[in-house]
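A.B. asks: Following this message is one structure expressed as structure tokens.
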Amino acid sequence: MKKVDNTAKAVVVRLGHMGDVALTTGVLEHWRRTRNMRFVFVTRESFAPILHGHPAVEQVWTVDEQALGSTRAWLRECSILARQFGHLPLLDLHGSLRSRILGMRWPGTVRRYPKLGLQRRIFSRTGARRFQSMLEHTNVPQRYAMALERDHTPADALLPQITLFPEEQEQARSTLTPLRTDGPLVALHPYATHPSKQWPEAHWRSLTELLEQAEIDWIVVGRSKTSLFPESPNDLTNRTNLRTTCALLAEANAMVTNDSGPMHLASGVGTPVVALFGPTAKAWGFYPAGTRDMVLERDMDCRPCSLHGAEACANGLACLSGISAKQAMRAVQTVLDNR
């Protein structure tokens with residue numbers, strides 16, 4: 001008797017950024033568990049490694065930068081995608097002009113998530129509490145899930161899920177062996193796309209001193225034009241690719257990070273984070289949602305001052321500089337004590 005395949009399939013489009021792609025992974029896993037779904041995932045080539053080995057992803061369709069470089073090139077890419085996969089539903093988890101163009105050319109069903117872009121902009125410019133409450137009611141993964149769900153899925157059911165392979169985990173342990181003692185390990189990510197989201201360098205240096213005094217091992221991960229501790233073997237800046245970074249984060253007992261993509265990578269491998277938030281805020285939907293995660297921030301009238309932290313600050317980044325290394329250290333200790 002021929003086996004019947006009851007698996008439902010769909011195409012998901014999320015072209016970027018890295019953290020946004022990572023945040024889709026828990027939603028895909030939720031749909032796999034509750035709806036028996038599998039997906040073709042359309043994203044930028046540079047973000048595809050996040051999805052490698054994911055149990056809900058059957059295929060990753062990578063879009064190179066040339067296809068994104070002009071409207072004509074993107075229209076050609078849309079035509080190819082529509083011919084190849086147009087018999088499947090399209091789930092637009094991006095909500096950008098490009099993804100909407102793809103939806104317009106899609107012959108099948110198109111479902112979109114509530115991006116709440118207008119509400120975010122109104123709150124950003126007015127600080128109206130009504131919009132703040134509306135935005136804080138759901139985080140971004142919960143909004144993604146609403147492309148298919150009528151009710152709000154609990155945030156802890158949508159935590160990022162990144163699958164690592166045994167050889168990647170073994171390589172990470174090998175890399176860390178000469179850098180570790182018998183103490184716990186804390187990963188540090190002192191970088192961010194926009195400088196206004198970066199905790200001051202002096203604070204990071206003070207934090208490493210406090211970690212060493214407490215006999216806690218530390219490493220630095222991420223990519224930057226300049227590394228924070230170029231003289232230290234513990235600084236792995238620019239020395240790891242995306243998959244290797246995930247494997248290293250999986251070995252850490254905690255991560256201290258700015259509001260950035262690697263914050264979500266850590267969540268995806270089950271590592272609790274101490275997140276430092278300044279110009280951005282909970283209303284945007286990117287707060288870490290794990291039960292052991294902690295967010296450090298200051299209650300200031302000027303926060304949040306932008307959607308992505310791209311604007312210059314007239315107050316000397318007091319929102320971040322006012323978070324002390326001692327506060328971060330206490331948060332790290334709390335996370336480690338709850339292991």
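Residues are named by chain letter and number: chains run A, B, ... in the order of the structure tokens, numbers start at 1 in each chain, and ligands are numbered from 1 in the order shown.
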Can you list, as number ranges by chain, all residues belonging to stretch 148-230 of chain A that DSSP tags as alpha helix (DSSP H)?

C.D. replies: A: 166-176, 201-213

A.B. asks: For C-alpha atoms, I'd like the residues from the last selection saved as a PDB file, in the first residue's frame.

C.D. replies:
ATOM      1  CA  PRO A 166      28.313  16.983  15.825  1.00  0.00           C
ATOM      2  CA  GLU A 167      31.446  17.910  13.894  1.00  0.00           C
ATOM      3  CA  GLU A 168      30.710  21.624  14.397  1.00  0.00           C
ATOM      4  CA  GLN A 169      30.275  21.137  18.114  1.00  0.00           C
ATOM      5  CA  GLU A 170      33.507  19.148  18.337  1.00  0.00           C
ATOM      6  CA  GLN A 171      35.414  21.812  16.435  1.00  0.00           C
ATOM      7  CA  ALA A 172      34.089  24.488  18.791  1.00  0.00           C
ATOM      8  CA  ARG A 173      35.235  22.509  21.836  1.00  0.00           C
ATOM      9  CA  SER A 174      38.651  22.088  20.248  1.00  0.00           C
ATOM     10  CA  THR A 175      38.911  25.837  19.606  1.00  0.00           C
ATOM     11  CA  LEU A 176      37.958  26.633  23.189  1.00  0.00           C
ATOM     12  CA  GLU A 201      34.382  49.923  24.927  1.00  0.00           C
ATOM     13  CA  ALA A 202      35.574  50.931  28.386  1.00  0.00           C
ATOM     14  CA  HIS A 203      32.591  49.124  29.905  1.00  0.00           C
ATOM     15  CA  TRP A 204      33.438  45.930  28.004  1.00  0.00           C
ATOM     16  CA  ARG A 205      37.016  46.109  29.274  1.00  0.00           C
ATOM     17  CA  SER A 206      35.808  46.602  32.833  1.00  0.00           C
ATOM     18  CA  LEU A 207      33.458  43.654  32.456  1.00  0.00           C
ATOM     19  CA  THR A 208      36.264  41.327  31.344  1.00  0.00           C
ATOM     20  CA  GLU A 209      38.263  42.373  34.409  1.00  0.00           C
ATOM     21  CA  LEU A 210      35.307  41.536  36.645  1.00  0.00           C
ATOM     22  CA  LEU A 211      34.846  38.189  34.905  1.00  0.00           C
ATOM     23  CA  GLU A 212      38.508  37.304  35.429  1.00  0.00           C
ATOM     24  CA  GLN A 213      38.324  38.306  39.090  1.00  0.00           C
TER      25      GLN A 213
END

A.B. asks: From a DSSP pass on the backbone, collect the residues of stretch 5-125 of chain A flagged as strand (DSSP E or B) and hand them back as an mmCIF file with all heavy atoms, in the first residue's frame.

C.D. replies:
data_model
loop_
_atom_site.group_PDB
_atom_site.id
_atom_site.type_symbol
_atom_site.label_atom_id
_atom_site.label_comp_id
_atom_site.auth_asym_id
_atom_site.auth_seq_id
_atom_site.Cartn_x
_atom_site.Cartn_y
_atom_site.Cartn_z
ATOM 1 N N ALA A 8 2.224 19.231 4.792
ATOM 2 C CA ALA A 8 1.875 20.474 4.109
ATOM 3 C C ALA A 8 3.157 21.251 3.831
ATOM 4 O O ALA A 8 4.079 21.252 4.645
ATOM 5 C CB ALA A 8 0.931 21.297 4.983
ATOM 6 N N LYS A 9 3.199 21.892 2.674
ATOM 7 C CA LYS A 9 4.415 22.615 2.296
ATOM 8 C C LYS A 9 4.073 24.054 1.937
ATOM 9 O O LYS A 9 2.965 24.347 1.496
ATOM 10 C CB LYS A 9 5.103 21.914 1.121
ATOM 11 C CG LYS A 9 5.581 20.513 1.442
ATOM 12 C CD LYS A 9 6.281 19.874 0.262
ATOM 13 C CE LYS A 9 6.710 18.446 0.601
ATOM 14 N NZ LYS A 9 7.393 17.775 -0.528
ATOM 15 N N ALA A 10 5.050 24.923 2.134
ATOM 16 C CA ALA A 10 4.875 26.329 1.804
ATOM 17 C C ALA A 10 6.242 26.939 1.542
ATOM 18 O O ALA A 10 7.285 26.379 1.912
ATOM 19 C CB ALA A 10 4.163 27.076 2.932
ATOM 20 N N VAL A 11 6.230 28.084 0.902
ATOM 21 C CA VAL A 11 7.447 28.861 0.657
ATOM 22 C C VAL A 11 7.461 30.037 1.617
ATOM 23 O O VAL A 11 6.458 30.744 1.770
ATOM 24 C CB VAL A 11 7.495 29.373 -0.801
ATOM 25 C CG1 VAL A 11 8.734 30.243 -1.027
ATOM 26 C CG2 VAL A 11 7.485 28.206 -1.780
ATOM 27 N N VAL A 12 8.579 30.223 2.298
ATOM 28 C CA VAL A 12 8.753 31.349 3.223
ATOM 29 C C VAL A 12 9.777 32.303 2.625
ATOM 30 O O VAL A 12 10.842 31.870 2.163
ATOM 31 C CB VAL A 12 9.245 30.868 4.598
ATOM 32 C CG1 VAL A 12 9.634 32.055 5.473
ATOM 33 C CG2 VAL A 12 8.180 30.027 5.286
ATOM 34 N N VAL A 13 9.489 33.581 2.633
ATOM 35 C CA VAL A 13 10.475 34.569 2.191
ATOM 36 C C VAL A 13 10.804 35.498 3.346
ATOM 37 O O VAL A 13 9.935 36.086 3.973
ATOM 38 C CB VAL A 13 9.990 35.368 0.957
ATOM 39 C CG1 VAL A 13 8.665 36.068 1.219
ATOM 40 C CG2 VAL A 13 11.061 36.371 0.530
ATOM 41 N N MET A 37 4.206 20.816 8.837
ATOM 42 C CA MET A 37 4.587 21.578 7.653
ATOM 43 C C MET A 37 6.087 21.503 7.407
ATOM 44 O O MET A 37 6.890 21.347 8.331
ATOM 45 C CB MET A 37 4.173 23.053 7.802
ATOM 46 C CG MET A 37 2.674 23.285 7.840
ATOM 47 S SD MET A 37 2.249 25.050 7.820
ATOM 48 C CE MET A 37 2.642 25.480 6.108
ATOM 49 N N ARG A 38 6.454 21.634 6.128
ATOM 50 C CA ARG A 38 7.850 21.760 5.709
ATOM 51 C C ARG A 38 7.934 22.943 4.752
ATOM 52 O O ARG A 38 6.952 23.316 4.113
ATOM 53 C CB ARG A 38 8.348 20.494 5.013
ATOM 54 C CG ARG A 38 8.253 19.224 5.849
ATOM 55 C CD ARG A 38 9.173 19.253 7.060
ATOM 56 N NE ARG A 38 9.181 17.970 7.754
ATOM 57 C CZ ARG A 38 8.278 17.580 8.642
ATOM 58 N NH1 ARG A 38 7.262 18.389 8.941
ATOM 59 N NH2 ARG A 38 8.352 16.406 9.237
ATOM 60 N N PHE A 39 9.151 23.511 4.623
ATOM 61 C CA PHE A 39 9.259 24.792 3.941
ATOM 62 C C PHE A 39 10.418 24.861 2.954
ATOM 63 O O PHE A 39 11.469 24.255 3.159
ATOM 64 C CB PHE A 39 9.424 25.914 4.976
ATOM 65 C CG PHE A 39 8.323 25.951 5.983
ATOM 66 C CD1 PHE A 39 8.446 25.289 7.203
ATOM 67 C CD2 PHE A 39 7.138 26.611 5.706
ATOM 68 C CE1 PHE A 39 7.420 25.305 8.128
ATOM 69 C CE2 PHE A 39 6.101 26.635 6.632
ATOM 70 C CZ PHE A 39 6.240 25.974 7.848
ATOM 71 N N VAL A 40 10.176 25.631 1.900
ATOM 72 C CA VAL A 40 11.240 26.165 1.060
ATOM 73 C C VAL A 40 11.474 27.583 1.558
ATOM 74 O O VAL A 40 10.528 28.385 1.632
ATOM 75 C CB VAL A 40 10.844 26.187 -0.430
ATOM 76 C CG1 VAL A 40 11.939 26.845 -1.260
ATOM 77 C CG2 VAL A 40 10.545 24.777 -0.926
ATOM 78 N N PHE A 41 12.702 27.889 1.922
ATOM 79 C CA PHE A 41 12.991 29.186 2.537
ATOM 80 C C PHE A 41 13.816 30.031 1.564
ATOM 81 O O PHE A 41 14.893 29.634 1.134
ATOM 82 C CB PHE A 41 13.777 28.991 3.843
ATOM 83 C CG PHE A 41 13.709 30.174 4.771
ATOM 84 C CD1 PHE A 41 12.957 30.117 5.928
ATOM 85 C CD2 PHE A 41 14.387 31.342 4.488
ATOM 86 C CE1 PHE A 41 12.884 31.195 6.794
ATOM 87 C CE2 PHE A 41 14.329 32.436 5.345
ATOM 88 C CZ PHE A 41 13.572 32.357 6.505
ATOM 89 N N VAL A 42 13.308 31.212 1.238
ATOM 90 C CA VAL A 42 13.973 32.135 0.320
ATOM 91 C C VAL A 42 14.660 33.221 1.135
ATOM 92 O O VAL A 42 13.995 33.961 1.877
ATOM 93 C CB VAL A 42 12.962 32.762 -0.665
ATOM 94 C CG1 VAL A 42 13.677 33.727 -1.616
ATOM 95 C CG2 VAL A 42 12.226 31.677 -1.444
ATOM 96 N N THR A 43 15.988 33.325 1.015
ATOM 97 C CA THR A 43 16.727 34.326 1.783
ATOM 98 C C THR A 43 18.026 34.674 1.076
ATOM 99 O O THR A 43 18.379 34.072 0.053
ATOM 100 C CB THR A 43 17.014 33.818 3.207
ATOM 101 O OG1 THR A 43 17.491 34.910 4.010
ATOM 102 C CG2 THR A 43 18.041 32.698 3.205
ATOM 103 N N ARG A 44 18.726 35.638 1.603
ATOM 104 C CA ARG A 44 20.037 35.998 1.058
ATOM 105 C C ARG A 44 21.023 34.857 1.275
ATOM 106 O O ARG A 44 20.958 34.138 2.277
ATOM 107 C CB ARG A 44 20.582 37.264 1.733
ATOM 108 C CG ARG A 44 19.808 38.533 1.401
ATOM 109 C CD ARG A 44 20.338 39.703 2.206
ATOM 110 N NE ARG A 44 19.543 40.897 2.018
ATOM 111 C CZ ARG A 44 19.853 41.907 1.202
ATOM 112 N NH1 ARG A 44 20.969 41.854 0.497
ATOM 113 N NH2 ARG A 44 19.055 42.958 1.086
ATOM 114 N N VAL A 57 12.904 22.722 7.354
ATOM 115 C CA VAL A 57 13.322 23.332 6.087
ATOM 116 C C VAL A 57 13.788 22.254 5.120
ATOM 117 O O VAL A 57 14.814 21.616 5.336
ATOM 118 C CB VAL A 57 14.435 24.378 6.321
ATOM 119 C CG1 VAL A 57 14.897 24.971 4.986
ATOM 120 C CG2 VAL A 57 13.944 25.486 7.243
ATOM 121 N N GLU A 58 13.031 22.078 4.049
ATOM 122 C CA GLU A 58 13.400 21.085 3.033
ATOM 123 C C GLU A 58 14.403 21.640 2.036
ATOM 124 O O GLU A 58 15.224 20.908 1.500
ATOM 125 C CB GLU A 58 12.159 20.611 2.282
ATOM 126 C CG GLU A 58 11.269 19.674 3.072
ATOM 127 C CD GLU A 58 10.265 18.954 2.189
ATOM 128 O OE1 GLU A 58 10.134 19.323 0.993
ATOM 129 O OE2 GLU A 58 9.607 18.031 2.694
ATOM 130 N N GLN A 59 14.328 22.939 1.780
ATOM 131 C CA GLN A 59 15.211 23.546 0.783
ATOM 132 C C GLN A 59 15.408 25.017 1.111
ATOM 133 O O GLN A 59 14.480 25.696 1.546
ATOM 134 C CB GLN A 59 14.603 23.407 -0.623
ATOM 135 C CG GLN A 59 15.445 24.015 -1.737
ATOM 136 C CD GLN A 59 14.800 23.851 -3.113
ATOM 137 O OE1 GLN A 59 13.831 23.099 -3.267
ATOM 138 N NE2 GLN A 59 15.313 24.533 -4.111
ATOM 139 N N VAL A 60 16.619 25.485 0.914
ATOM 140 C CA VAL A 60 16.910 26.915 1.032
ATOM 141 C C VAL A 60 17.217 27.445 -0.362
ATOM 142 O O VAL A 60 18.131 26.952 -1.041
ATOM 143 C CB VAL A 60 18.101 27.181 1.972
ATOM 144 C CG1 VAL A 60 18.369 28.685 2.065
ATOM 145 C CG2 VAL A 60 17.838 26.608 3.350
ATOM 146 N N TRP A 61 16.440 28.408 -0.788
ATOM 147 C CA TRP A 61 16.661 29.053 -2.088
ATOM 148 C C TRP A 61 17.400 30.358 -1.816
ATOM 149 O O TRP A 61 16.864 31.277 -1.214
ATOM 150 C CB TRP A 61 15.338 29.329 -2.784
ATOM 151 C CG TRP A 61 15.490 29.966 -4.138
ATOM 152 C CD1 TRP A 61 15.777 31.279 -4.394
ATOM 153 C CD2 TRP A 61 15.358 29.331 -5.407
ATOM 154 N NE1 TRP A 61 15.837 31.505 -5.742
ATOM 155 C CE2 TRP A 61 15.584 30.315 -6.400
ATOM 156 C CE3 TRP A 61 15.072 28.024 -5.809
ATOM 157 C CZ2 TRP A 61 15.529 30.037 -7.760
ATOM 158 C CZ3 TRP A 61 15.020 27.750 -7.158
ATOM 159 C CH2 TRP A 61 15.242 28.738 -8.118
ATOM 160 N N THR A 62 18.653 30.417 -2.218
ATOM 161 C CA THR A 62 19.461 31.600 -1.910
ATOM 162 C C THR A 62 19.393 32.621 -3.036
ATOM 163 O O THR A 62 19.438 32.272 -4.216
ATOM 164 C CB THR A 62 20.926 31.214 -1.653
ATOM 165 O OG1 THR A 62 21.456 30.544 -2.783
ATOM 166 C CG2 THR A 62 21.036 30.309 -0.440
ATOM 167 N N VAL A 63 19.285 33.865 -2.636
ATOM 168 C CA VAL A 63 19.237 34.988 -3.564
ATOM 169 C C VAL A 63 20.547 35.752 -3.441
ATOM 170 O O VAL A 63 20.900 36.213 -2.351
ATOM 171 C CB VAL A 63 18.047 35.910 -3.241
ATOM 172 C CG1 VAL A 63 17.991 37.080 -4.215
ATOM 173 C CG2 VAL A 63 16.740 35.125 -3.259
ATOM 174 N N LEU A 90 2.658 31.040 -0.409
ATOM 175 C CA LEU A 90 3.790 31.900 -0.081
ATOM 176 C C LEU A 90 3.519 32.594 1.238
ATOM 177 O O LEU A 90 2.489 33.251 1.405
ATOM 178 C CB LEU A 90 4.007 32.944 -1.178
ATOM 179 C CG LEU A 90 5.092 33.993 -0.897
ATOM 180 C CD1 LEU A 90 6.477 33.357 -0.876
ATOM 181 C CD2 LEU A 90 5.038 35.124 -1.938
ATOM 182 N N LEU A 91 4.446 32.453 2.189
ATOM 183 C CA LEU A 91 4.343 33.124 3.482
ATOM 184 C C LEU A 91 5.366 34.255 3.494
ATOM 185 O O LEU A 91 6.580 34.012 3.573
ATOM 186 C CB LEU A 91 4.603 32.140 4.626
ATOM 187 C CG LEU A 91 3.716 30.893 4.648
ATOM 188 C CD1 LEU A 91 4.089 30.002 5.832
ATOM 189 C CD2 LEU A 91 2.249 31.270 4.697
ATOM 190 N N ASP A 92 4.891 35.467 3.409
ATOM 191 C CA ASP A 92 5.768 36.643 3.386
ATOM 192 C C ASP A 92 6.048 37.073 4.820
ATOM 193 O O ASP A 92 5.224 37.721 5.469
ATOM 194 C CB ASP A 92 5.102 37.770 2.597
ATOM 195 C CG ASP A 92 5.958 39.024 2.521
ATOM 196 O OD1 ASP A 92 7.071 39.020 3.093
ATOM 197 O OD2 ASP A 92 5.499 40.005 1.904
ATOM 198 N N VAL A 110 -1.072 33.837 -0.983
ATOM 199 C CA VAL A 110 -0.035 34.631 -0.308
ATOM 200 C C VAL A 110 -0.562 35.037 1.066
ATOM 201 O O VAL A 110 -1.659 35.592 1.184
ATOM 202 C CB VAL A 110 0.337 35.887 -1.118
ATOM 203 C CG1 VAL A 110 1.384 36.718 -0.361
ATOM 204 C CG2 VAL A 110 0.844 35.512 -2.506
ATOM 205 N N ARG A 111 0.210 34.742 2.098
ATOM 206 C CA ARG A 111 -0.147 35.146 3.460
ATOM 207 C C ARG A 111 0.965 36.031 4.012
ATOM 208 O O ARG A 111 2.152 35.749 3.790
ATOM 209 C CB ARG A 111 -0.324 33.923 4.364
ATOM 210 C CG ARG A 111 -1.389 32.940 3.897
ATOM 211 C CD ARG A 111 -2.797 33.507 4.070
ATOM 212 N NE ARG A 111 -3.128 33.735 5.462
ATOM 213 C CZ ARG A 111 -3.690 32.827 6.251
ATOM 214 N NH1 ARG A 111 -3.964 31.616 5.779
ATOM 215 N NH2 ARG A 111 -3.981 33.109 7.505
ATOM 216 N N ARG A 112 0.588 37.073 4.737
ATOM 217 C CA ARG A 112 1.568 38.001 5.298
ATOM 218 C C ARG A 112 1.371 38.125 6.806
ATOM 219 O O ARG A 112 0.295 37.853 7.322
ATOM 220 C CB ARG A 112 1.474 39.382 4.649
ATOM 221 C CG ARG A 112 1.835 39.380 3.166
ATOM 222 C CD ARG A 112 1.871 40.789 2.603
ATOM 223 N NE ARG A 112 2.394 40.778 1.240
ATOM 224 C CZ ARG A 112 1.638 40.628 0.154
ATOM 225 N NH1 ARG A 112 0.318 40.509 0.288
ATOM 226 N NH2 ARG A 112 2.189 40.616 -1.038
#

A.B. asks: List as a VMD selection string the protein and nucleic acid residues near A:Glu311, meaning an atom at most 10 Å away when only C-alpha atoms are counted, but skip any in the same chain fewer than 6 places from it.

C.D. replies: chain A and resid 194 to 197 279 305

A.B. asks: Which residue, A:Arg105, A:Arg83, A:Lys282, A:Arg243, has the smallest gap to A:Gly268 when you use only C-alpha atoms?

C.D. replies: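 The answer is A:Arg243, which sits nearest to A:Gly268.
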
A.B. asks: I'd like the neighbourhood of A:Pro272 as an NGL selection string, where a residue qualifies if any of its atoms comes within 12 Å (using only C-alpha atoms), though same-chain residues fewer than 5 positions away should be ignored.

C.D. replies: :A and (159-160 or 185-187 or 249-257 or 262-267 or 288-295 or 331-339)

A.B. asks: Residues within 8 Å of A:Leu164, please, as a list in words. Count only C-alpha atoms; anything in the same chain fewer than 6 positions from it doesn't count.

C.D. replies: Gly53, Arg243, Cys246 and Ala247 of chain A

A.B. asks: Would you mind listing what lies within 8 Å of A:Thr237 as a PDB file with N, CA and C atoms, in the first residue's frame, with only C-alpha atoms counted and same-chain residues fewer than 3 positions away left out?

C.D. replies:
ATOM      1  N   VAL A 220      35.347  36.669  22.939  1.00  0.00           N
ATOM      2  CA  VAL A 220      34.650  37.676  22.133  1.00  0.00           C
ATOM      3  C   VAL A 220      34.340  37.058  20.777  1.00  0.00           C
ATOM      4  N   VAL A 221      33.100  37.214  20.328  1.00  0.00           N
ATOM      5  CA  VAL A 221      32.703  36.723  19.012  1.00  0.00           C
ATOM      6  C   VAL A 221      32.093  37.869  18.214  1.00  0.00           C
ATOM      7  N   GLY A 222      32.032  37.682  16.905  1.00  0.00           N
ATOM      8  CA  GLY A 222      31.397  38.675  16.044  1.00  0.00           C
ATOM      9  C   GLY A 222      32.330  39.175  14.968  1.00  0.00           C
ATOM     10  N   ARG A 223      31.845  40.149  14.226  1.00  0.00           N
ATOM     11  CA  ARG A 223      32.610  40.726  13.127  1.00  0.00           C
ATOM     12  C   ARG A 223      32.647  42.238  13.293  1.00  0.00           C
ATOM     13  N   SER A 224      33.823  42.803  13.024  1.00  0.00           N
ATOM     14  CA  SER A 224      34.000  44.242  13.184  1.00  0.00           C
ATOM     15  C   SER A 224      35.249  44.673  12.424  1.00  0.00           C
ATOM     16  N   SER A 227      38.929  44.796  16.237  1.00  0.00           N
ATOM     17  CA  SER A 227      38.563  43.942  17.364  1.00  0.00           C
ATOM     18  C   SER A 227      38.804  44.691  18.669  1.00  0.00           C
ATOM     19  N   THR A 240      35.657  33.614  12.892  1.00  0.00           N
ATOM     20  CA  THR A 240      34.686  32.528  12.784  1.00  0.00           C
ATOM     21  C   THR A 240      33.596  32.896  11.778  1.00  0.00           C
TER      22      THR A 240
END

A.B. asks: With only C-alpha atoms as the basis for distance, which of A:Gln132, A:Ser79, A:Gln142, A:Asn241 is at the shortest distance from A:Leu28?

C.D. replies: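 Of all the options, A:Gln142 lies closest to A:Leu28.
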
A.B. asks: Could you check the closest approach to A:Leu296 for each of A:Asp235, A:Asp20, A:Asp217, A:Asp259 and tell me which residue wins, using only C-alpha atoms?

C.D. replies: A:Asp259

A.B. asks: Find the residue from A:Leu320, A:Ala145, A:Ile216, A:Ala155 that sits nearest to A:Phe286; use only C-alpha atoms when measuring.

C.D. replies: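 Among the listed residues, the smallest separation from A:Phe286 belongs to A:Ala155.
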
A.B. asks: My list of candidates is A:Leu158, A:Thr138, A:Gly117, A:Arg150. Which is closest to A:Arg32 when distances are computed with only C-alpha atoms?

C.D. replies: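 The closest residue to A:Arg32 is A:Leu158.
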
A.B. asks: Between atom CA of A:Pro141 and atom CA of A:Thr25, what is the spacing in Å?

C.D. replies: 8.8 Å

A.B. asks: Closest to A:Pro304 among A:Gly19, A:Gly278, A:Pro154, A:Pro230, using only C-alpha atoms?

C.D. replies: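 That would be A:Gly278, the residue with the smallest distance to A:Pro304.
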
A.B. asks: State, in Å with one decimal place, the distance from atom CA of A:Cys313 to atom CA of A:Ser133.

C.D. replies: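 It comes out at 25.0 Å.
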